file protein_7.txt (compact mmCIF, C-alpha atoms)
# COMPACT_ATOMS: atom_id res chain seq x y z
CA MET A 1 120.49 -5.81 18.31
CA GLU A 2 119.33 -9.40 18.52
CA LYS A 3 121.31 -11.80 20.64
CA THR A 4 123.32 -14.23 18.54
CA ASN A 5 122.54 -17.93 18.49
CA SER A 6 126.13 -19.08 18.90
CA THR A 7 128.60 -18.06 21.57
CA ALA A 8 132.04 -16.77 20.67
CA ARG A 9 133.74 -19.92 21.96
CA GLU A 10 131.32 -22.16 20.05
CA ARG A 11 132.20 -20.30 16.87
CA LEU A 12 135.92 -20.77 17.43
CA VAL A 13 135.48 -24.45 18.22
CA SER A 14 133.44 -24.82 15.00
CA LEU A 15 136.21 -23.20 12.97
CA PHE A 16 139.14 -25.26 14.25
CA ASP A 17 139.94 -28.95 13.90
CA ALA A 18 138.41 -30.92 16.77
CA GLY A 19 140.30 -30.58 20.04
CA THR A 20 142.88 -28.07 18.82
CA PHE A 21 141.54 -24.71 20.06
CA VAL A 22 143.70 -23.07 22.74
CA GLU A 23 142.28 -19.91 24.33
CA LEU A 24 144.47 -16.90 25.10
CA GLY A 25 143.72 -14.39 27.86
CA ALA A 26 140.73 -16.33 29.17
CA TYR A 27 140.75 -14.56 32.55
CA LEU A 28 141.16 -10.99 31.35
CA ARG A 29 138.42 -8.61 32.48
CA ARG A 30 137.31 -5.16 31.38
CA ALA A 31 139.26 -2.27 32.87
CA GLY A 32 137.33 -0.84 35.81
CA HIS A 33 134.76 -3.66 35.60
CA PRO A 34 136.31 -6.76 37.22
CA GLU A 35 132.95 -8.50 37.16
CA ALA A 36 132.58 -8.09 33.37
CA ALA A 37 134.12 -10.56 30.94
CA SER A 38 136.09 -9.24 28.02
CA GLY A 39 134.00 -8.72 24.92
CA VAL A 40 136.20 -10.97 22.80
CA VAL A 41 137.54 -14.53 22.90
CA CYS A 42 140.98 -15.09 21.38
CA GLY A 43 143.08 -18.14 20.65
CA TYR A 44 144.75 -20.40 18.15
CA GLY A 45 144.34 -23.88 16.78
CA ALA A 46 144.57 -25.97 13.64
CA VAL A 47 142.54 -25.81 10.44
CA GLU A 48 143.28 -28.89 8.33
CA GLY A 49 146.44 -29.24 10.42
CA ARG A 50 147.66 -25.65 9.81
CA LEU A 51 148.24 -23.15 12.60
CA ILE A 52 145.60 -20.40 12.55
CA PHE A 53 144.95 -17.56 15.02
CA ALA A 54 141.41 -16.28 15.52
CA PHE A 55 139.25 -14.02 17.63
CA ALA A 56 135.49 -13.97 18.11
CA GLU A 57 133.67 -11.01 19.58
CA ASP A 58 131.30 -12.03 22.37
CA ALA A 59 127.89 -10.40 22.02
CA SER A 60 126.81 -11.87 25.37
CA ALA A 61 129.32 -9.64 27.17
CA MET A 62 127.94 -6.09 27.01
CA LYS A 63 126.95 -6.77 23.37
CA GLY A 64 130.62 -7.25 22.50
CA ALA A 65 131.29 -3.56 23.07
CA VAL A 66 134.88 -2.52 22.42
CA ASP A 67 137.04 -0.98 25.13
CA ALA A 68 140.81 -0.66 25.57
CA SER A 69 141.19 -4.17 27.06
CA HIS A 70 139.14 -5.69 24.22
CA ALA A 71 141.41 -4.05 21.66
CA ALA A 72 144.60 -4.92 23.55
CA LYS A 73 143.57 -8.57 23.64
CA ILE A 74 143.16 -8.69 19.86
CA ALA A 75 146.40 -6.74 19.36
CA ASP A 76 148.23 -9.33 21.48
CA LEU A 77 146.77 -12.07 19.29
CA TYR A 78 148.06 -10.25 16.21
CA GLU A 79 151.53 -9.95 17.72
CA LYS A 80 151.64 -13.71 18.26
CA ALA A 81 150.25 -14.42 14.78
CA LEU A 82 152.88 -12.23 13.14
CA ARG A 83 155.69 -13.86 15.12
CA ALA A 84 154.39 -17.30 14.14
CA GLY A 85 153.71 -16.24 10.53
CA ALA A 86 150.15 -17.58 10.60
CA PRO A 87 146.81 -16.27 9.23
CA VAL A 88 144.17 -14.53 11.36
CA ILE A 89 140.42 -15.10 11.25
CA GLY A 90 138.30 -12.39 12.87
CA MET A 91 134.66 -13.05 13.83
CA PHE A 92 132.84 -9.77 14.32
CA ASP A 93 129.78 -9.41 16.56
CA SER A 94 129.88 -6.07 18.39
CA ALA A 95 127.46 -3.19 18.84
CA GLY A 96 130.31 -0.67 18.91
CA ALA A 97 132.42 0.98 21.60
CA VAL A 98 131.93 1.33 25.35
CA VAL A 99 130.81 4.94 25.01
CA PHE A 100 131.34 5.77 28.69
CA ASP A 101 135.06 5.19 28.15
CA GLY A 102 135.23 8.15 25.78
CA ALA A 103 138.71 8.72 24.40
CA ALA A 104 139.96 5.44 25.89
CA ALA A 105 137.47 3.53 23.72
CA LEU A 106 138.50 5.54 20.68
CA GLY A 107 142.10 4.67 21.51
CA GLY A 108 141.03 1.03 21.48
CA TYR A 109 139.70 1.48 17.97
CA GLY A 110 143.04 2.98 16.99
CA THR A 111 144.81 -0.04 18.44
CA LEU A 112 142.65 -2.38 16.38
CA LEU A 113 143.05 -0.43 13.16
CA SER A 114 146.81 -0.32 13.66
CA ALA A 115 147.08 -4.05 14.40
CA VAL A 116 145.14 -5.05 11.29
CA ALA A 117 146.88 -2.51 9.06
CA ASN A 118 150.32 -3.58 10.31
CA ALA A 119 149.55 -7.20 9.40
CA LYS A 120 148.29 -6.29 5.92
CA GLY A 121 150.41 -8.00 3.29
CA LYS A 122 152.29 -10.03 5.92
CA ILE A 123 149.71 -12.65 6.92
CA PRO A 124 146.32 -13.44 5.34
CA GLN A 125 143.31 -12.03 7.19
CA ILE A 126 139.70 -13.16 6.78
CA ALA A 127 136.79 -11.35 8.47
CA LEU A 128 133.58 -13.26 9.21
CA ILE A 129 130.69 -10.95 10.12
CA CYS A 130 128.58 -13.12 12.44
CA GLY A 131 126.34 -10.37 13.80
CA ALA A 132 126.63 -6.63 14.27
CA CYS A 133 129.72 -4.89 12.93
CA VAL A 134 128.99 -1.20 13.26
CA GLY A 135 130.79 2.12 13.39
CA THR A 136 134.56 1.95 13.34
CA MET A 137 134.48 -1.85 13.68
CA ALA A 138 133.09 -1.94 10.13
CA ALA A 139 136.21 -0.08 9.01
CA VAL A 140 138.37 -2.58 10.93
CA ALA A 141 136.68 -5.52 9.19
CA GLU A 142 137.01 -3.88 5.78
CA LEU A 143 140.79 -3.73 6.30
CA PHE A 144 140.90 -7.54 6.21
CA ASP A 145 141.83 -9.21 2.92
CA PHE A 146 138.48 -10.97 2.51
CA VAL A 147 135.09 -10.49 4.18
CA ALA A 148 132.49 -13.25 4.61
CA VAL A 149 128.86 -12.51 5.52
CA VAL A 150 125.99 -14.63 6.85
CA LYS A 151 122.39 -14.37 5.67
CA ASP A 152 120.02 -12.82 8.23
CA LYS A 153 122.85 -12.30 10.75
CA THR A 154 125.30 -9.84 9.28
CA GLU A 155 124.84 -6.14 10.06
CA MET A 156 127.68 -3.93 8.83
CA TYR A 157 127.33 -0.17 8.65
CA LEU A 158 129.04 3.02 9.82
CA PRO A 159 126.33 5.06 11.65
CA THR A 160 125.76 4.51 15.35
CA PRO A 161 123.11 1.81 16.04
CA LEU A 162 120.87 4.37 17.76
CA LEU A 163 120.59 6.27 14.50
CA HIS A 164 120.24 3.24 12.25
CA LYS A 165 117.06 1.17 12.01
CA ARG A 166 117.54 -2.57 12.07
CA ARG A 167 116.53 -4.40 8.90
CA THR A 168 117.32 -7.60 7.05
CA GLY A 169 119.25 -7.97 3.83
CA TYR A 170 122.59 -6.57 4.90
CA ALA A 171 124.46 -9.72 3.90
CA GLU A 172 122.94 -9.76 0.42
CA GLU A 173 123.59 -6.06 -0.01
CA LEU A 174 127.25 -6.36 1.03
CA PHE A 175 127.71 -9.32 -1.32
CA GLU A 176 126.07 -7.54 -4.23
CA ASN A 177 128.07 -4.32 -3.86
CA GLY A 178 131.40 -6.15 -3.71
CA THR A 179 132.22 -5.51 -0.04
CA ALA A 180 131.91 -9.21 0.83
CA ALA A 181 133.90 -11.89 -0.94
CA LEU A 182 131.85 -14.79 0.43
CA PHE A 183 128.14 -15.22 1.24
CA ALA A 184 126.78 -18.03 3.41
CA ALA A 185 123.25 -19.13 4.24
CA ASP A 186 124.21 -19.89 7.86
CA GLU A 187 127.22 -19.98 10.14
CA ASN A 188 128.07 -23.62 9.44
CA GLU A 189 128.28 -22.87 5.73
CA ALA A 190 130.36 -19.79 6.52
CA PHE A 191 132.88 -21.83 8.52
CA ALA A 192 133.11 -24.36 5.67
CA LYS A 193 133.71 -21.61 3.11
CA VAL A 194 136.36 -19.93 5.25
CA ARG A 195 138.16 -23.24 5.76
CA ALA A 196 138.03 -23.90 2.01
CA LEU A 197 139.43 -20.44 1.26
CA LEU A 198 142.25 -20.96 3.76
CA SER A 199 143.36 -24.08 1.88
CA PHE A 200 144.44 -21.90 -1.06
CA LEU A 201 146.22 -19.23 0.99
CA PRO A 202 149.85 -19.21 2.16
CA ASP A 203 150.69 -18.96 5.85
CA ASN A 204 152.45 -15.65 5.32
CA ALA A 205 154.10 -13.47 2.69
CA ASN A 206 157.36 -15.42 2.84
CA SER A 207 156.06 -19.00 2.83
CA GLY A 208 155.21 -19.32 -0.86
CA ALA A 209 152.10 -20.72 -2.48
CA PRO A 210 150.57 -23.83 -0.91
CA ALA A 211 151.30 -26.95 -2.94
CA ASP A 212 149.81 -30.43 -2.85
CA ILE A 213 150.35 -33.32 -5.23
CA GLY A 214 146.60 -33.86 -5.32
CA THR A 215 144.72 -36.40 -7.39
CA ASP A 216 144.66 -34.73 -10.80
CA ASP A 217 147.07 -35.75 -13.55
CA ILE A 218 149.29 -32.82 -14.49
CA ASN A 219 149.77 -34.37 -17.95
CA ARG A 220 146.11 -35.03 -18.71
CA ALA A 221 144.85 -33.99 -22.14
CA LEU A 222 142.69 -30.88 -22.35
CA PRO A 223 139.87 -30.35 -24.87
CA GLU A 224 141.18 -29.34 -28.28
CA ALA A 225 139.61 -26.09 -29.35
CA ASP A 226 140.47 -23.08 -31.46
CA ARG A 227 138.47 -20.84 -29.15
CA LEU A 228 136.91 -21.13 -25.67
CA GLY A 229 135.12 -19.00 -23.13
CA ALA A 230 137.38 -17.83 -20.32
CA ALA A 231 135.44 -19.56 -17.53
CA GLU A 232 135.26 -22.74 -19.62
CA ALA A 233 139.02 -22.67 -20.13
CA LEU A 234 139.63 -22.06 -16.43
CA ASN A 235 137.46 -24.98 -15.38
CA ALA A 236 139.13 -27.25 -17.94
CA THR A 237 142.63 -26.28 -16.81
CA ALA A 238 142.32 -26.17 -13.02
CA ASP A 239 143.02 -29.37 -11.14
CA ASN A 240 139.83 -31.45 -11.07
CA GLY A 241 137.96 -28.42 -12.39
CA GLY A 242 137.90 -26.96 -8.88
CA VAL A 243 137.84 -23.17 -8.48
CA GLN A 244 137.21 -21.19 -5.27
CA THR A 245 135.52 -18.08 -6.60
CA LEU A 246 135.19 -14.82 -4.67
CA PHE A 247 133.05 -11.68 -5.01
CA ASP A 248 130.44 -13.59 -7.04
CA GLY A 249 127.69 -11.17 -6.02
CA THR A 250 128.88 -8.53 -8.47
CA GLY A 251 130.56 -8.24 -11.87
CA ALA A 252 129.20 -11.51 -13.23
CA GLU A 253 131.33 -11.28 -16.39
CA THR A 254 134.50 -11.51 -14.32
CA ARG A 255 135.35 -14.49 -12.14
CA VAL A 256 138.19 -14.20 -9.64
CA GLY A 257 139.45 -16.51 -6.93
CA PHE A 258 141.87 -19.36 -6.46
CA ALA A 259 142.56 -22.73 -8.08
CA LEU A 260 145.22 -25.42 -8.12
CA PHE A 261 147.38 -26.08 -11.16
CA GLY A 262 149.49 -29.21 -10.84
CA GLY A 263 148.88 -29.02 -7.10
CA CYS A 264 150.12 -25.42 -6.82
CA SER A 265 147.77 -22.71 -5.58
CA ALA A 266 147.31 -19.70 -7.86
CA ALA A 267 145.06 -16.66 -8.05
CA VAL A 268 142.81 -16.81 -11.10
CA ILE A 269 140.89 -14.38 -13.31
CA ALA A 270 138.44 -15.24 -16.07
CA VAL A 271 136.76 -12.46 -18.06
CA ASP A 272 133.93 -13.29 -20.45
CA GLY A 273 132.16 -10.53 -22.36
CA MET A 274 132.47 -6.84 -21.57
CA LEU A 275 134.48 -5.54 -18.63
CA THR A 276 132.62 -3.52 -15.97
CA LEU A 277 133.62 -1.32 -13.04
CA ALA A 278 132.75 -4.17 -10.67
CA GLY A 279 134.94 -6.52 -12.69
CA VAL A 280 137.86 -4.08 -12.56
CA ARG A 281 137.57 -3.83 -8.79
CA LYS A 282 137.44 -7.62 -8.40
CA MET A 283 140.52 -8.07 -10.56
CA THR A 284 142.39 -5.39 -8.62
CA ALA A 285 141.57 -7.03 -5.28
CA ILE A 286 142.78 -10.50 -6.27
CA LEU A 287 145.88 -9.16 -8.05
CA ARG A 288 146.88 -7.09 -5.02
CA PHE A 289 146.52 -10.05 -2.68
CA ALA A 290 148.45 -12.34 -5.04
CA GLY A 291 151.21 -9.76 -5.37
CA GLU A 292 151.53 -9.29 -1.61
CA PHE A 293 151.77 -13.02 -0.97
CA ALA A 294 153.80 -14.07 -4.04
CA LEU A 295 151.01 -16.24 -5.42
CA PRO A 296 151.10 -16.95 -9.16
CA VAL A 297 148.33 -15.42 -11.26
CA VAL A 298 146.64 -17.15 -14.19
CA SER A 299 144.29 -14.96 -16.24
CA PHE A 300 141.93 -16.23 -18.94
CA VAL A 301 140.64 -13.56 -21.33
CA ASN A 302 137.59 -13.54 -23.59
CA CYS A 303 136.80 -9.84 -23.45
CA GLU A 304 135.75 -7.27 -26.05
CA GLY A 305 136.50 -4.16 -23.99
CA PHE A 306 134.42 -2.05 -21.64
CA ALA A 307 130.69 -2.48 -21.27
CA SER A 308 128.51 0.28 -22.68
CA GLY A 309 127.90 3.01 -20.14
CA GLU A 310 130.96 2.12 -18.07
CA GLU A 311 133.05 5.06 -19.32
CA ASN A 312 132.59 7.10 -16.16
CA ALA A 313 134.60 8.83 -13.49
CA GLU A 314 134.58 5.85 -11.13
CA LEU A 315 135.96 3.57 -13.80
CA LEU A 316 138.63 6.09 -14.70
CA ARG A 317 139.72 6.18 -11.06
CA ALA A 318 139.68 2.38 -10.82
CA LEU A 319 141.81 1.68 -13.90
CA PRO A 320 145.07 3.12 -12.51
CA GLU A 321 144.67 0.86 -9.48
CA LEU A 322 144.25 -2.16 -11.76
CA THR A 323 147.25 -1.10 -13.84
CA MET A 324 149.45 -0.86 -10.76
CA ALA A 325 148.17 -4.21 -9.47
CA TRP A 326 149.38 -5.82 -12.72
CA ASP A 327 152.60 -3.88 -13.05
CA ARG A 328 154.05 -3.42 -9.57
CA THR A 329 154.37 -7.01 -8.37
CA GLU A 330 157.06 -9.61 -8.89
CA ASN A 331 154.90 -12.74 -8.73
CA ALA A 332 154.56 -15.01 -11.76
CA LYS A 333 151.74 -13.97 -14.10
CA ILE A 334 150.46 -16.05 -17.03
CA VAL A 335 147.71 -14.89 -19.39
CA ALA A 336 145.74 -17.08 -21.79
CA LEU A 337 143.74 -15.39 -24.56
CA THR A 338 140.99 -17.93 -25.16
CA GLY A 339 138.47 -15.97 -27.23
CA ALA A 340 138.26 -12.24 -27.86
CA ALA A 341 141.02 -9.96 -26.59
CA ILE A 342 140.06 -6.59 -27.96
CA GLY A 343 141.19 -3.14 -26.89
CA ALA A 344 140.95 -2.75 -23.12
CA GLY A 345 140.18 -6.47 -22.81
CA PHE A 346 143.63 -7.30 -24.18
CA LEU A 347 145.38 -4.74 -21.99
CA PHE A 348 143.63 -5.04 -18.64
CA GLY A 349 143.02 -8.78 -18.86
CA GLY A 350 146.80 -9.01 -18.62
CA ALA A 351 149.29 -7.82 -21.23
CA ARG A 352 153.02 -8.44 -21.44
CA ARG A 353 153.62 -4.68 -21.29
CA LEU A 354 151.74 -4.53 -17.98
CA GLY A 355 153.81 -7.20 -16.28
CA ALA A 356 152.56 -10.54 -17.58
CA ASP A 357 155.45 -12.99 -17.83
CA MET A 358 153.85 -15.00 -20.60
CA VAL A 359 150.85 -14.36 -22.85
CA LEU A 360 149.47 -17.35 -24.73
CA ALA A 361 146.61 -17.53 -27.22
CA LEU A 362 144.40 -20.23 -28.67
CA PRO A 363 144.57 -20.40 -32.49
CA GLY A 364 141.10 -18.91 -32.90
CA ALA A 365 141.56 -16.01 -30.48
CA GLU A 366 140.49 -12.66 -31.89
CA ILE A 367 143.09 -10.03 -30.96
CA SER A 368 142.61 -6.47 -32.11
CA ALA A 369 142.54 -2.85 -31.07
CA LEU A 370 138.91 -2.59 -32.22
CA ARG A 371 135.96 -4.93 -32.59
CA SER A 372 135.50 -6.09 -36.16
CA GLU A 373 132.28 -4.08 -36.55
CA THR A 374 134.02 -0.87 -35.46
CA ALA A 375 137.19 -1.56 -37.43
CA VAL A 376 135.28 -2.08 -40.67
CA ALA A 377 133.22 1.06 -40.07
CA PHE A 378 136.38 3.11 -39.53
CA LEU A 379 138.75 1.57 -42.04
CA TRP A 380 136.95 -0.47 -44.69
CA ASN A 381 133.61 1.25 -45.04
CA ASP A 382 134.48 2.30 -48.60
CA ARG A 383 134.85 -1.36 -49.59
CA ILE A 384 131.19 -2.12 -48.98
CA SER A 385 129.29 -2.61 -52.23
CA GLU A 386 126.51 -4.68 -53.76
CA SER A 387 128.94 -7.61 -54.04
CA VAL A 388 130.80 -7.09 -50.71
CA SER A 389 128.72 -6.99 -47.56
CA ARG A 390 129.63 -5.50 -44.23
CA GLU A 391 129.34 -8.93 -42.63
CA ALA A 392 131.84 -10.38 -45.13
CA LEU A 393 134.33 -7.61 -44.37
CA GLU A 394 133.95 -8.14 -40.62
CA LYS A 395 134.67 -11.85 -41.15
CA GLU A 396 137.70 -10.97 -43.27
CA TRP A 397 138.96 -8.64 -40.51
CA ARG A 398 138.71 -11.39 -37.94
CA GLU A 399 140.42 -13.95 -40.16
CA THR A 400 143.22 -11.82 -41.61
CA VAL A 401 143.94 -8.95 -39.22
CA ALA A 402 142.71 -9.82 -35.72
CA THR A 403 144.54 -13.15 -35.51
CA ALA A 404 146.67 -14.79 -32.86
CA GLU A 405 149.43 -15.24 -35.46
CA ASN A 406 149.58 -11.52 -36.15
CA ALA A 407 149.73 -10.75 -32.42
CA ALA A 408 152.52 -13.31 -32.00
CA ALA A 409 154.45 -11.74 -34.89
CA THR A 410 154.65 -8.49 -32.91
CA GLY A 411 155.90 -10.26 -29.77
CA GLU A 412 152.81 -9.38 -27.72
CA VAL A 413 151.72 -13.04 -27.66

call {"tool": "encode", "arguments": {"input": "protein_7.txt", "output": "structure tokens"}}
result
Amino acid sequence: MEKTNSTARERLVSLFDAGTFVELGAYLRRAGHPEAASGVVCGYGAVEGRLIFAFAEDASAMKGAVDASHAAKIADLYEKALRAGAPVIGMFDSAGAVVFDGAAALGGYGTLLSAVANAKGKIPQIALICGACVGTMAAVAELFDFVAVVKDKTEMYLPTPLLHKRRTGYAEELFENGTAALFAADENEAFAKVRALLSFLPDNANSGAPADIGTDDINRALPEADRLGAAEALNATADNGGVQTLFDGTGAETRVGFALFGGCSAAVIAVDGMLTLAGVRKMTAILRFAGEFALPVVSFVNCEGFASGEENAELLRALPELTMAWDRTENAKIVALTGAAIGAGFLFGGARRLGADMVLALPGAEISALRSETAVAFLWNDRISESVSREALEKEWRETVATAENAAATGEV
């Protein structure tokens, strides 16, 4: 493992507002090794004036190896964060456990897993992988709500380092397979992205969505249109067009993240085109987080169903999770059908029957169980003649059957 360029304390100082970092347990030493510093630095401070707790593993101290004292120090930080109702940022840079400690080191891993799992859904947790994050520590980091990775620095894998050859590209790979929500070119960019993400998140599950009057006019006119792309509608509606997107490395047709609406933070979804397995997983992740922390959800839909080739076992297993993420939460959920809302696009983009509080549609939205091409082939194929083309019937279907007015007449819109 290469030595990191930044020390753990430097990373914490870079994260917090100037002069606000307070270290906890600065004089703790490893059990049985009084000369060895703990492999982690813990503390709290302010980020844009908000109380945040954070830890940074110290690769200069026995490569940040985890032992019982290391784990206990982080667990103590979590106890304080939960009592204060404040988010936790974890900076991972560890080559694994102190193997000579045997079961005691494994017990330390258990302590860490328990601390993070216990805080899940109570306070927001963001993991920043600044260096090595291997073995069980990778599982600890994956428990966090969001993972950020750094180009040419992040290493995150399960096998022991002795059995795993070092190589570059881990950050890109983690971003492209959906493990990482944020990708940064360097640590400074990573700190900036984490701070930006924090601005949209509540302090805890009971504090409510962050709200700020902001500079945008809540009554400003929006572009008049019968039909829009979902991402276009999201950008037009969000305050100042600003959207913090997450998981951009995968599922390009589906954007998820956070935005402000009238100064109020909300989780957002925008689906354009055909829905994929990656898109389903992204939607599930943001819906779960929003449900746990009572954040409103605004979903923009321009989706014609599942992408070709996506009807597989993994997708079938993922859809129940998405269904429950929509249905089993009490937070406010608003859906806007801006273009196509066909079949699974209508349902899984957010339907009233799956828990949406309000479903709205632009006048030109196309809402149907089937795409016009398929519907005509199934239902109106006998109407095709020398004087009536297939294209004309598909147009008729869109204009007379698959209309927003018809959907509204059934109460679904």

call {"tool": "closest_residue", "arguments": {"input": "protein_7.txt", "among": "A:Leu28, A:Cys303, A:Met91, A:Ala356", "to": "A:Glu10", "atoms": "all atoms listed in the file"}}
result
A:Met91

call {"tool": "atom_distance", "arguments": {"input": "protein_7.txt", "atom1": "atom CA of A:Ala278", "atom2": "atom CA of A:Arg255"}}
result
10.7 Å

call {"tool": "residues_around", "arguments": {"input": "protein_7.txt", "residues": "A:Arg227", "least_positions_apart": "6", "cutoff": "7 Å", "atoms": "all atoms listed in the file", "output": "PyMOL selection string"}}
result
chain A and resi 338-339+362-365

call {"tool": "atom_distance", "arguments": {"input": "protein_7.txt", "atom1": "atom CA of A:Asp382", "atom2": "atom CA of A:Lys395"}}
result
16.0 Å

call {"tool": "residues_near_point", "arguments": {"input": "protein_7.txt", "point": "(143.8, -28.9, 8.0)", "cutoff": "9 Å", "atoms": "only C-alpha atoms", "output": "CSV table (one decimal) with C-alpha atoms, in the coordinates of the input"}}
result
chain,number,residue,atom,x,y,z
A,16,PHE,CA,139.1,-25.3,14.2
A,17,ASP,CA,139.9,-29.0,13.9
A,46,ALA,CA,144.6,-26.0,13.6
A,47,VAL,CA,142.5,-25.8,10.4
A,48,GLU,CA,143.3,-28.9,8.3
A,49,GLY,CA,146.4,-29.2,10.4
A,50,ARG,CA,147.7,-25.6,9.8
A,51,LEU,CA,148.2,-23.2,12.6
A,195,ARG,CA,138.2,-23.2,5.8
A,199,SER,CA,143.4,-24.1,1.9

call {"tool": "residues_around", "arguments": {"input": "protein_7.txt", "residues": "A:Glu373", "least_positions_apart": "3", "cutoff": "7 Å", "atoms": "only C-alpha atoms", "output": "PyMOL selection string"}}
result
chain A and resi 376-377+394

call {"tool": "axis_aligned_box", "arguments": {"input": "protein_7.txt", "around": "stretch 224-240 of chain A", "padding_each_side": "6 Å", "output": "JSON"}}
result
{"center_x": 139.1, "center_y": -24.6, "center_z": -21.3, "size_x": 19.9, "size_y": 25.6, "size_z": 32.4}

call {"tool": "closest_residue", "arguments": {"input": "protein_7.txt", "among": "A:Gly229, A:Gly279, A:Gly43, A:Pro124", "to": "A:Ala340", "atoms": "all atoms listed in the file"}}
result
A:Gly229

call {"tool": "closest_residue", "arguments": {"input": "protein_7.txt", "among": "A:Leu246, A:Leu158, A:Ala318, A:Val13", "to": "A:Glu176", "atoms": "all atoms listed in the file"}}
result
A:Leu246

call {"tool": "atom_distance", "arguments": {"input": "protein_7.txt", "atom1": "atom CA of A:Asp93", "atom2": "atom CA of A:Glu172"}}
result
17.5 Å

call {"tool": "closest_atom_pairs", "arguments": {"input": "protein_7.txt", "of": "stretch 299-355 of chain A", "to": "stretch 231-234 of chain A", "cutoff": "9 Å", "atoms": "all atoms listed in the file", "output": "Markdown table"}}
result
| residue | atom | partner | partner_atom | distance |
| --- | --- | --- | --- | --- |
| A:Ser299 | CA | A:Leu234 | CA | 8.5 |
| A:Phe300 | CA | A:Leu234 | CA | 6.8 |
| A:Val301 | CA | A:Ala231 | CA | 8.8 |
| A:Asn302 | CA | A:Ala231 | CA | 8.8 |
| A:Ala336 | CA | A:Ala233 | CA | 8.9 |
| A:Thr338 | CA | A:Ala233 | CA | 7.2 |

call {"tool": "residues_around", "arguments": {"input": "protein_7.txt", "residues": "A:Leu277", "least_positions_apart": "5", "cutoff": "8 Å", "atoms": "only C-alpha atoms", "output": "PyMOL selection string"}}
result
chain A and resi 251+310+314-315+318

call {"tool": "residues_around", "arguments": {"input": "protein_7.txt", "residues": "A:Ala8", "least_positions_apart": "6", "cutoff": "7 Å", "atoms": "all atoms listed in the file", "output": "list in words"}}
result
Val41, Ala56, Glu57 and Asp58 of chain A

call {"tool": "closest_residue", "arguments": {"input": "protein_7.txt", "among": "A:Leu24, A:Ala266, A:Ala192, A:Leu82", "to": "A:Ala211", "atoms": "only C-alpha atoms"}}
result
A:Ala266

call {"tool": "residues_around", "arguments": {"input": "protein_7.txt", "residues": "A:Asp186", "least_positions_apart": "3", "cutoff": "8 Å", "atoms": "all atoms listed in the file", "output": "PyMOL selection string"}}
result
chain A and resi 150-151+189-190

call {"tool": "closest_residue", "arguments": {"input": "protein_7.txt", "among": "A:Asn188, A:Thr276, A:Asn206, A:Thr111", "to": "A:Glu292", "atoms": "all atoms listed in the file"}}
result
A:Asn206
